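**Q** Sharing entry_34.txt, compact mmCIF, C-alpha atoms:
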# COMPACT_ATOMS: atom_id res chain seq x y z
CA MET A 229 82.29 164.46 144.99
CA ILE A 230 85.35 162.87 143.36
CA ARG A 231 84.28 160.91 140.32
CA ARG A 232 87.43 160.60 138.17
CA ALA A 233 90.42 158.31 138.52
CA ILE A 234 93.65 157.53 136.68
CA VAL A 235 94.43 153.81 136.82
CA LEU A 236 98.09 152.84 136.45
CA VAL A 237 98.87 149.30 135.31
CA THR A 238 102.58 149.04 136.01
CA ALA A 239 102.96 145.26 136.49
CA LEU A 240 100.88 143.35 133.94
CA ARG A 241 101.57 140.04 135.63
CA TRP A 242 99.92 141.16 138.85
CA ALA A 243 97.15 143.07 137.09
CA LEU A 244 96.03 139.81 135.46
CA GLU A 245 96.47 137.69 138.58
CA ASP A 246 93.27 136.11 139.91
CA CYS A 247 92.10 137.44 143.26
CA ALA A 248 88.98 135.70 144.57
CA GLY A 249 87.36 135.23 141.18
CA LEU A 250 88.45 138.46 139.50
CA PRO A 251 91.73 139.73 137.99
CA LEU A 252 93.28 142.43 140.18
CA PHE A 253 92.83 145.03 137.43
CA LYS A 254 89.09 144.41 137.10
CA ARG A 255 88.62 144.20 140.88
CA ALA A 256 90.24 147.63 141.28
CA LEU A 257 87.92 149.15 138.67
CA LEU A 258 84.76 147.60 140.12
CA ALA A 259 85.66 148.57 143.69
CA ALA A 260 86.42 152.16 142.66
CA GLN A 261 83.20 152.31 140.64
CA LYS A 262 81.22 151.09 143.65
CA GLY A 263 82.92 153.81 145.68
CA GLY A 264 81.60 156.50 143.31
CA ILE A 265 84.13 156.76 140.46
CA GLU A 266 82.36 157.30 137.13
CA GLU A 267 85.26 157.97 134.77
CA PHE A 268 88.57 156.09 134.40
CA TYR A 269 91.72 157.12 132.52
CA ILE A 270 93.74 153.92 132.06
CA VAL A 271 97.50 153.87 131.50
CA ALA A 272 98.77 150.36 130.78
CA ARG A 273 101.48 148.29 129.17
CA GLU A 274 100.18 145.81 126.56
CA ALA A 275 96.64 147.16 126.81
CA ALA A 276 95.44 144.56 124.29
CA GLN A 277 95.61 141.90 127.00
CA LEU A 278 93.50 144.00 129.36
CA GLN A 279 90.82 145.24 126.98
CA PRO A 280 88.89 141.93 126.87
CA LEU A 281 88.44 142.18 130.65
CA LEU A 282 86.46 145.39 130.20
CA GLN A 283 83.73 143.72 128.10
CA ASP A 284 81.68 143.34 131.24
CA THR A 285 78.18 144.64 131.96
CA ARG A 286 79.19 145.32 135.56
CA LEU A 287 81.45 148.15 134.39
CA LYS A 288 79.17 151.14 133.91
CA ALA A 289 81.86 153.83 134.16
CA THR A 290 83.40 155.64 131.20
CA LEU A 291 86.76 154.10 130.24
CA ARG A 292 89.54 155.92 128.35
CA TRP A 293 92.97 154.56 127.39
CA ILE A 294 95.73 157.17 127.73
CA GLU A 295 99.24 157.39 126.29
CA GLY A 296 101.64 160.28 126.79
CA GLY A 297 100.05 163.25 128.53
CA LEU A 298 96.53 163.69 129.79
CA PRO A 299 94.08 165.30 127.34
CA GLU A 300 93.22 168.96 127.83
CA GLU A 301 89.61 168.07 128.67
CA PHE A 302 90.91 166.38 131.80
CA PHE A 303 91.90 169.76 133.27
CA LYS A 304 88.60 171.50 132.55
CA PRO A 305 86.26 171.96 135.57
CA ASP A 306 84.06 168.91 135.92
CA THR A 307 80.58 170.30 136.52
CA LYS A 308 78.69 167.03 136.06
CA ALA A 309 78.69 166.17 139.77
CA GLY A 310 78.92 169.68 141.18
CA PRO A 311 81.73 172.17 141.82
CA ALA A 312 83.36 170.05 144.52
CA THR A 313 84.31 167.47 141.89
CA SER A 314 87.14 169.57 140.48
CA THR A 315 88.97 169.63 143.82
CA GLY A 316 90.67 166.30 143.23
CA VAL A 317 91.18 163.22 141.11
CA LEU A 318 92.31 159.77 142.19
CA VAL A 319 95.38 157.93 141.00
CA ILE A 320 94.95 154.22 141.61
CA LYS A 321 97.54 151.50 141.23
CA ALA A 322 95.75 148.65 139.45
CA GLU A 323 97.75 146.04 141.37
CA SER A 324 96.06 146.94 144.65
CA VAL A 325 92.97 145.73 146.49
CA PHE A 326 90.70 147.98 148.50
CA ASP A 327 87.19 148.28 149.83
CA ALA A 328 84.74 150.63 148.12
CA LYS A 329 84.33 152.39 151.47
CA VAL A 330 87.95 153.53 151.21
CA ILE A 331 87.09 155.33 147.97
CA GLU A 332 84.05 156.88 149.63
CA GLY A 333 86.28 157.99 152.51
CA VAL A 334 88.63 159.78 150.11
CA GLN A 335 85.95 162.47 149.88
CA ASN A 336 86.96 163.49 153.42
CA TRP A 337 90.71 163.59 152.80
CA GLY A 338 90.66 167.05 151.34
CA LEU A 339 93.44 168.96 149.59
CA GLY A 340 94.49 172.23 151.18
CA GLU A 341 97.93 173.51 150.32
CA GLU A 342 99.17 169.98 149.60
CA SER A 343 99.65 168.80 146.05
CA ALA A 344 98.41 165.33 146.96
CA SER A 345 97.27 162.98 149.72
CA LEU A 346 98.76 159.48 149.72
CA ALA A 347 97.25 156.38 151.38
CA VAL A 348 99.86 154.61 153.52
CA ARG A 349 99.97 151.57 155.80
CA LYS A 350 102.00 151.82 159.01
CA GLY A 351 103.59 149.08 161.09
CA THR A 352 103.22 146.29 158.55
CA ALA A 353 105.69 143.66 157.40
CA GLU A 354 104.38 143.53 153.83
CA ARG A 355 106.39 144.22 150.72
CA GLY A 356 105.84 147.42 148.81
CA THR A 357 107.18 150.90 148.22
CA SER A 358 108.53 152.19 151.53
CA VAL A 359 107.72 155.71 152.67
CA ARG A 360 109.55 157.89 155.19
CA LEU A 361 107.30 160.30 157.03
CA GLU A 362 107.81 163.54 158.91
CA GLY A 363 104.60 163.92 160.81
CA GLU A 364 101.90 163.69 158.15
CA LYS A 365 104.28 164.68 155.34
CA VAL A 366 105.89 162.22 152.91
CA ALA A 367 109.59 162.99 153.26
CA GLY A 368 111.05 160.24 151.07
CA LEU A 369 110.38 157.09 149.06
CA GLY A 370 112.22 153.80 148.93
CA GLU A 371 114.46 154.62 151.89
CA GLU A 372 115.65 152.13 154.48
CA GLU A 373 114.43 154.10 157.49
CA ALA A 374 110.80 153.91 156.41
CA ASP A 375 107.72 154.47 158.53
CA ALA A 376 105.08 153.02 156.20
CA LEU A 377 104.24 151.49 152.83
CA THR A 378 102.23 152.99 150.01
CA ALA A 379 98.71 151.52 149.72
CA GLY A 380 98.03 152.17 146.04
CA ILE A 381 95.68 155.19 146.25
CA LEU A 382 96.55 158.84 145.75
CA LEU A 383 94.34 161.94 145.74
CA VAL A 384 95.76 164.80 143.64
CA LYS A 385 94.83 168.21 142.30
CA PRO A 386 94.35 167.86 138.53
CA GLU A 387 96.57 170.87 137.77
CA THR A 388 99.56 169.22 139.46
CA LEU A 389 99.46 166.52 136.77
CA ARG A 390 99.72 169.01 133.91
CA GLY A 391 102.79 168.34 131.80
CA ILE A 392 103.52 164.94 133.31
CA ASP A 393 104.44 162.24 130.78
CA LEU A 394 102.41 159.11 131.56
CA GLY A 395 104.47 157.08 129.13
CA ASP A 396 103.17 154.78 126.42
CA HIS A 397 102.01 151.17 126.23
CA ARG A 398 105.63 150.02 126.22
CA ASN A 399 106.85 152.02 129.19
CA PRO A 400 104.02 153.49 131.31
CA ILE A 401 104.76 155.66 134.32
CA THR A 402 104.86 153.90 137.69
CA PHE A 403 102.91 154.78 140.82
CA THR A 404 106.15 155.68 142.61
CA GLU A 405 107.20 158.04 139.81
CA VAL A 406 103.88 159.88 140.07
CA ILE A 407 104.44 160.39 143.80
CA ARG A 408 107.95 161.72 143.20
CA HIS A 409 106.64 164.11 140.55
CA LEU A 410 104.01 165.45 142.97
CA ALA A 411 106.53 165.73 145.81
CA ASN A 412 108.69 167.96 143.61
CA LYS A 413 105.71 170.26 143.07
CA GLY A 414 104.65 170.54 146.70
CA THR A 415 103.80 168.71 149.88
CA VAL A 416 102.39 165.17 149.75
CA ARG A 417 100.34 164.40 152.85
CA ALA A 418 100.15 160.84 154.19
CA VAL A 419 96.73 159.42 155.12
CA ASN A 420 96.91 156.37 157.40
CA VAL A 421 94.69 153.54 156.10
CA THR A 422 96.30 150.75 158.14
CA LYS A 423 92.99 149.84 159.81
CA GLU A 424 91.15 149.83 156.51
CA PHE A 425 91.16 147.27 153.71
CA CYS A 426 93.57 148.92 151.28
CA GLN A 427 96.77 147.24 150.16
CA GLU A 428 99.12 146.86 147.19
CA VAL A 429 99.89 143.42 145.78
CA THR A 430 103.60 143.06 145.09
CA SER A 431 104.27 139.37 145.76
CA LEU A 432 102.61 135.97 146.08
CA GLU A 433 102.77 136.45 149.83
CA THR A 434 100.80 139.71 149.78
CA LEU A 435 98.33 138.26 147.24
CA LYS A 436 97.69 135.32 149.55
CA GLY A 437 97.14 137.71 152.47
CA VAL A 438 94.74 139.84 150.44
CA LYS A 439 92.68 136.80 149.43
CA LYS A 440 92.51 135.66 153.04
CA ALA A 441 91.36 139.12 154.11
CA LEU A 442 88.71 139.20 151.37
CA TYR A 443 87.17 135.93 152.54
CA LYS A 444 87.37 136.98 156.17
CA ARG A 445 85.36 140.12 155.38
CA LEU A 446 82.45 138.17 153.89
CA GLY A 447 80.50 138.07 157.15
CA LEU A 448 77.60 140.41 157.87
CA PRO A 449 76.78 142.47 160.98
CA THR A 450 73.63 140.36 161.44
CA ASP A 451 75.62 137.11 161.74
CA GLY A 452 75.03 135.27 165.00
CA LEU A 453 77.15 132.68 166.76
CA MET A 454 75.95 129.85 164.54
CA ALA A 455 76.96 131.76 161.42
CA ILE A 456 80.29 132.97 162.78
CA TYR A 457 81.54 129.66 164.18
CA VAL A 458 79.87 127.12 161.88
CA ASN A 459 78.01 128.29 158.80
CA ARG A 460 80.40 130.98 157.54
CA LYS A 461 83.40 128.68 157.89
CA LEU A 462 81.69 126.11 155.66
CA SER A 463 80.18 128.62 153.24
CA ARG A 464 83.56 130.29 152.65
CA PHE A 465 85.02 126.93 151.69
CA LEU A 466 82.14 126.45 149.22
CA THR A 467 82.51 130.02 147.93
CA ARG A 468 86.18 129.42 147.07
CA VAL A 469 84.96 126.71 144.68
CA LEU A 470 81.91 128.51 143.28
CA ILE A 471 83.71 131.73 142.31
CA ARG A 472 85.77 129.73 139.81
CA LEU A 473 82.66 128.37 138.08
CA PRO A 474 80.42 130.14 135.54
CA ILE A 475 77.53 130.31 137.99
CA THR A 476 75.68 133.41 139.15
CA PRO A 477 74.61 134.23 142.72
CA ASN A 478 70.94 133.91 141.68
CA GLN A 479 71.59 130.41 140.39
CA ILE A 480 73.19 129.55 143.73
CA THR A 481 70.07 130.92 145.46
CA ILE A 482 67.90 128.57 143.39
CA CYS A 483 70.18 125.66 144.35
CA SER A 484 69.69 126.61 147.99
CA LEU A 485 65.91 126.61 147.46
CA LEU A 486 65.98 123.14 145.91
CA ILE A 487 68.04 121.79 148.82
CA GLY A 488 65.62 123.43 151.26
CA LEU A 489 62.63 121.86 149.51
CA THR A 490 64.38 118.48 149.78
CA ALA A 491 64.56 119.06 153.54
CA CYS A 492 60.82 119.82 153.51
CA TRP A 493 60.17 116.48 151.81
CA PHE A 494 62.01 114.66 154.59
CA PHE A 495 60.04 116.57 157.24
CA TRP A 496 56.83 115.56 155.42
CA GLN A 497 57.75 111.87 155.80
CA GLY A 498 57.48 112.17 159.58
CA GLY A 499 59.34 110.20 162.22
CA TYR A 500 62.43 110.97 164.28
CA TRP A 501 65.17 109.96 161.83
CA TYR A 502 63.51 111.60 158.84
CA GLY A 503 63.43 114.76 160.95
CA VAL A 504 67.15 114.45 161.73
CA PHE A 505 68.00 113.99 158.04
CA ALA A 506 65.75 116.93 157.17
CA ALA A 507 67.50 119.21 159.69
CA LEU A 508 70.94 118.28 158.32
CA ILE A 509 69.78 118.89 154.75
CA TYR A 510 68.35 122.25 155.83
CA GLN A 511 71.77 123.03 157.30
CA ALA A 512 73.27 122.45 153.85
CA SER A 513 70.63 124.76 152.37
CA VAL A 514 71.64 127.53 154.78
CA ILE A 515 75.32 127.15 153.90
CA VAL A 516 74.57 127.40 150.16
CA ASP A 517 72.28 130.36 150.87
CA LEU A 518 75.13 132.19 152.62
CA SER A 519 77.45 131.41 149.73
CA ASP A 520 75.24 133.17 147.16
CA GLY A 521 75.70 136.47 148.98
CA GLU A 522 79.42 135.88 149.39
CA VAL A 523 79.88 135.23 145.68
CA ALA A 524 77.80 138.32 144.88
CA ARG A 525 79.93 140.54 147.12
CA LEU A 526 83.23 139.11 145.89
CA LYS A 527 82.28 139.49 142.22
CA PHE A 528 80.33 142.76 142.55
CA MET A 529 77.09 141.10 141.43
CA GLN A 530 74.71 142.37 144.11
CA SER A 531 71.31 143.43 142.80
CA ARG A 532 67.85 144.34 144.05
CA PHE A 533 66.45 141.36 142.18
CA GLY A 534 68.95 139.08 143.87
CA ALA A 535 67.97 140.40 147.31
CA TRP A 536 64.28 139.92 146.45
CA LEU A 537 64.87 136.38 145.13
CA ASP A 538 66.82 135.46 148.26
CA SER A 539 63.97 136.68 150.46
CA VAL A 540 61.33 134.79 148.45
CA CYS A 541 63.32 131.54 148.51
CA ASP A 542 63.93 131.83 152.27
CA SER A 543 60.24 132.37 152.90
CA ILE A 544 59.29 129.37 150.75
CA VAL A 545 61.68 127.09 152.66
CA TYR A 546 60.43 128.35 156.04
CA ALA A 547 56.79 127.89 154.99
CA GLY A 548 57.59 124.47 153.53
CA ILE A 549 59.14 123.27 156.79
CA PHE A 550 56.14 124.43 158.83
CA LEU A 551 53.57 122.87 156.47
CA ALA A 552 55.49 119.62 155.97
CA THR A 553 55.95 119.12 159.71
CA ALA A 554 52.27 119.88 160.40
CA LEU A 555 51.13 117.43 157.68
CA ALA A 556 53.36 114.69 159.11
CA LEU A 557 52.00 115.27 162.62
CA SER A 558 48.39 115.35 161.41
CA ARG A 559 48.86 111.91 159.82
CA GLN A 560 49.98 110.70 163.23
CA GLY A 561 46.58 111.70 164.69
CA HIS A 562 47.40 115.09 166.28
CA ALA A 563 44.20 117.10 165.97
CA ASN A 564 44.19 120.68 164.69
CA VAL A 565 47.98 120.79 164.27
CA LEU A 566 47.56 121.34 160.52
CA TRP A 567 46.01 124.76 161.29
CA ALA A 568 49.10 125.64 163.29
CA GLY A 569 51.26 124.81 160.27
CA ILE A 570 49.07 126.89 157.96
CA VAL A 571 49.25 129.88 160.32
CA SER A 572 53.06 129.79 160.68
CA ALA A 573 53.61 129.12 156.95
CA THR A 574 51.36 132.01 155.92
CA ALA A 575 52.92 134.35 158.45
CA ALA A 576 56.45 133.43 157.32
CA LEU A 577 55.61 134.05 153.67
CA VAL A 578 54.08 137.44 154.45
CA CYS A 579 56.55 138.68 157.08
CA LEU A 580 59.81 137.77 155.36
CA ASN A 581 58.77 139.29 152.04
CA LEU A 582 57.21 142.33 153.73
CA ASP A 583 60.41 142.97 155.67
CA SER A 584 62.45 142.66 152.48
CA TYR A 585 60.14 145.05 150.63
CA LEU A 586 60.24 147.67 153.40
CA LEU A 587 64.03 147.42 153.60
CA MET A 588 64.32 148.02 149.85
CA GLN A 589 61.93 150.95 150.12
CA LYS A 590 64.01 152.43 152.92
CA ASP A 591 67.22 152.04 150.89
CA THR A 592 65.55 153.76 147.95
CA ALA A 593 64.19 156.60 150.06
CA GLY A 594 67.47 157.10 151.93
CA ALA A 595 67.03 158.03 155.57
CA SER A 596 63.25 158.39 155.40
CA ASN A 597 61.32 156.32 157.88
CA THR A 598 58.97 153.67 156.50
CA SER A 599 57.10 152.80 159.67
CA ALA A 600 55.74 154.33 162.80
CA PRO A 601 58.17 154.79 165.71
CA VAL A 602 56.22 152.45 167.96
CA GLY A 603 56.47 148.84 169.04
CA SER A 604 60.07 148.51 167.94
CA GLY A 605 61.11 146.44 170.96
CA THR A 606 58.37 143.87 170.43
CA ALA A 607 59.03 143.77 166.70
CA THR A 608 62.75 143.23 167.27
CA PHE A 609 62.09 140.38 169.71
CA LEU A 610 59.65 138.64 167.37
CA GLY A 611 61.91 139.41 164.41
CA MET A 612 64.52 137.09 165.88
CA LEU A 613 62.33 134.25 164.57
CA SER A 614 63.24 135.25 161.02
CA ASN A 615 66.96 135.25 161.81
CA VAL A 616 68.52 132.12 160.33
CA ASP A 617 70.79 131.58 163.35
CA THR A 618 67.93 131.66 165.84
CA PHE A 619 65.67 129.51 163.69
CA GLN A 620 68.38 126.89 163.17
CA ILE A 621 69.05 126.56 166.88
CA ILE A 622 65.34 126.30 167.69
CA LEU A 623 64.79 123.75 164.92
CA PHE A 624 67.73 121.57 165.94
CA LEU A 625 66.69 121.57 169.60
CA PHE A 626 63.19 120.37 168.82
CA VAL A 627 64.26 117.91 166.11
CA PHE A 628 66.91 116.16 168.18
CA SER A 629 64.68 116.10 171.27
CA GLY A 630 61.84 114.63 169.22
CA GLN A 631 59.38 117.39 170.20
CA MET A 632 58.20 118.56 166.78
CA LEU A 633 54.60 118.91 167.99
CA TRP A 634 55.70 121.62 170.44
CA PHE A 635 57.83 123.14 167.67
CA THR A 636 54.83 123.43 165.35
CA TRP A 637 52.56 125.07 167.91
CA GLY A 638 55.37 127.34 169.10
CA MET A 639 56.08 128.52 165.56
CA ALA A 640 52.37 129.20 165.03
CA VAL A 641 52.26 131.41 168.13
CA GLY A 642 55.55 133.16 167.39
CA TRP A 643 55.02 133.78 163.68
CA GLY A 644 51.38 134.65 164.23
CA GLY A 645 52.51 137.28 166.72
CA TYR A 646 55.18 138.48 164.30
CA LEU A 647 52.59 138.91 161.55
CA THR A 648 50.22 140.77 163.87
CA VAL A 649 52.90 143.19 165.03
CA SER A 650 54.24 143.71 161.48
CA LEU A 651 50.82 144.54 160.05
CA SER A 652 50.02 146.77 163.04
CA ARG A 653 53.27 148.74 162.62
CA LEU A 654 52.61 149.04 158.89
CA PHE A 655 49.10 150.38 159.51
CA LEU A 656 50.22 152.76 162.26
CA GLY A 657 53.10 153.87 160.06
CA TRP A 658 50.67 154.74 157.29
CA ILE A 659 48.61 156.81 159.74
CA TRP A 660 51.75 158.47 161.13
CA ARG A 661 53.03 159.43 157.67
CA SER A 662 49.58 160.69 156.64
CA ARG A 663 49.43 162.97 159.66
CA ALA A 664 53.02 164.14 159.11
CA ALA A 665 52.20 164.98 155.47
CA ALA A 666 49.08 166.89 156.54
Once you've parsed the file, please lay out its structure as structure tokens.

**A**
Amino acid sequence: MIRRAIVLVTALRWALEDCAGLPLFKRALLAAQKGGIEEFYIVAREAAQLQPLLQDTRLKATLRWIEGGLPEEFFKPDTKAGPATSTGVLVIKAESVFDAKVIEGVQNWGLGEESASLAVRKGTAERGTSVRLEGEKVAGLGEEEADALTAGILLVKPETLRGIDLGDHRNPITFTEVIRHLANKGTVRAVNVTKEFCQEVTSLETLKGVKKALYKRLGLPTDGLMAIYVNRKLSRFLTRVLIRLPITPNQITICSLLIGLTACWFFWQGGYWYGVFAALIYQASVIVDLSDGEVARLKFMQSRFGAWLDSVCDSIVYAGIFLATALALSRQGHANVLWAGIVSATAALVCLNLDSYLLMQKDTAGASNTSAPVGSGTATFLGMLSNVDTFQIILFLFVFSGQMLWFTWGMAVGWGGYLTVSLSRLFLGWIWRSRAAA
């Protein structure tokens, strides 16, 4: 595992430039930390302007400011994370933006006879340090007949950095100079990261492109058509505003809950037009709910508590809609419909929070299974009810057609079935694990 990185701040202007709510310098550190880096050696001009950025509870890694050469302790075998750690160290250009998965992928780059492996982008029209390649070998830098651009990440053998002068706070070494130094000591292999999110920022044009790419990547694999073509487009617009405010993702989640409860109040009033207003307000709640996750991912503020709070708030809004609609219909003289609302509200509260709990347990336990390998098809089908996209479409269809009575009974049947299957799988899973342990 590679857990150390040298961070080069060679252009203070770009290092301090805002990129989706975070300065580029801090974004590089947080992304690298998320990718597994635990120790940073920072080389920077005018470090005093950067140091206040590091007073952040999100930064858990060890931070060291370096001038001149690297300390001798840097070259000692790093046994903290196992023997494989000493095989390489990262050199990261602070004025670059990359996904944490790129840092995780560096573990597979490897260093054989090469002195270093350099991330490059091929076939792009962006500005940056040009690289001429011969096969997978870096044959030259800054030449007109270039094949690629550097992408701001370099994997090196620690020993190849021995004796290199990193400069001081007035004149730190540049990323390009490090590459040239390594090329003089041996072969520098090029690793193509064109299809990955990994890019240097060298101009306003590239910064604009990076921001656009960051927002575009905010979607999730579970997003349906409603999210992709409607909700995400609106939530990204809201997120661009919220990331500039001193508001946390959890506070945004609470705002989403309050908007959702307002929708429940309108459903409770009964009548066609109150139902239409309620559905539109619920739509706003969904958009704000998407934005809390987007802000969390952009600002590296994801947490288990935040995931739990999001699940609880979603379940409260679902249950509130079911109960409010049933109460409104019962006042209109529809017999027994209140029981349908109670069933669907109870099932939503239990199922959504149970699913969230089991998912957290699975993440904690790694690849271990948390349920029995039965009934997965039925559970997946019924689980579509808890998907925001599916629920929105169903709700809108029944609201605008004025058939909320059928909606209430249908939700009672669907969520009641979901609860039955969920509890059955949980019970069978307990039996299955008990037998496996025996």

**Q** In file coordinates, which residues lie within 12 Å of (71.3, 121.6, 154.3) using all atoms listed in the file, given as a ChimeraX atom specification?

**A** /A:459,462-463,483-492,494,504-518,545,620

**Q** Using the file's own x, y and z axes, what box holds all listed atoms of region 433-441 of chain A with 6 Å on each side, keeping edges along x, y and z, and what are its centre and edge lengths in Å to one decimal, as JSON?

**A**
{"center_x": 97.1, "center_y": 137.6, "center_z": 150.7, "size_x": 23.4, "size_y": 16.5, "size_z": 18.9}

**Q** Residues within 7 Å of region 368-384 of chain A, please, as a list of chain:residue names. Count only C-alpha atoms; anything in the same chain fewer than 3 positions from it doesn't count.

**A**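 Here the answer would be A:Gly316, A:Val317, A:Leu318, A:Val319, A:Ile320, A:Lys321, A:Ser324, A:Ser343, A:Ala344, A:Ser345, A:Leu346, A:Ala347, A:Val348, A:Arg349, A:Lys350, A:Gly351, A:Gly356, A:Thr357, A:Ser358, A:Val359, A:Arg360, A:Leu361, A:Cys426, A:Gln427, A:Glu428.
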
**Q** When you draw a straight line from CA of Lys254 (chain A) to CA of Ile401 (chain A), how long is it in Å?

**A**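 These two atoms are separated by 19.5 Å.
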
**Q** Distance CA of Glu267 (chain A)-CA of Gln530 (chain A), one decimal place?

**A**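 Between CA of Glu267 (chain A) and CA of Gln530 (chain A) the gap is 21.0 Å.
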
**Q** Nearest to Leu291 (chain A) among A:Ile570, A:Ala260, A:Ile270, A:Leu470, with distances taken over only C-alpha atoms: which residue is it?

**A**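 When distances to Leu291 (chain A) are compared using only C-alpha atoms, the smallest one comes from A:Ile270.
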
**Q** Of the candidates A:Gly264, A:Pro474, A:Gly657, A:Gly521, which shows the shortest atom-to-atom distance to Leu448 (chain A), using all atoms listed in the file?

**A**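 Residue with the minimum atom-to-atom distance to Leu448 (chain A): A:Gly521.
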
**Q** Need the shell around region 391-400 of chain A: protein/DNA/RNA residues with any atom at most 9 Å away, counting all atoms listed in the file. Skip same-chain ones fewer than 6 positions apart. Format as a count of residues only?

**A** 15
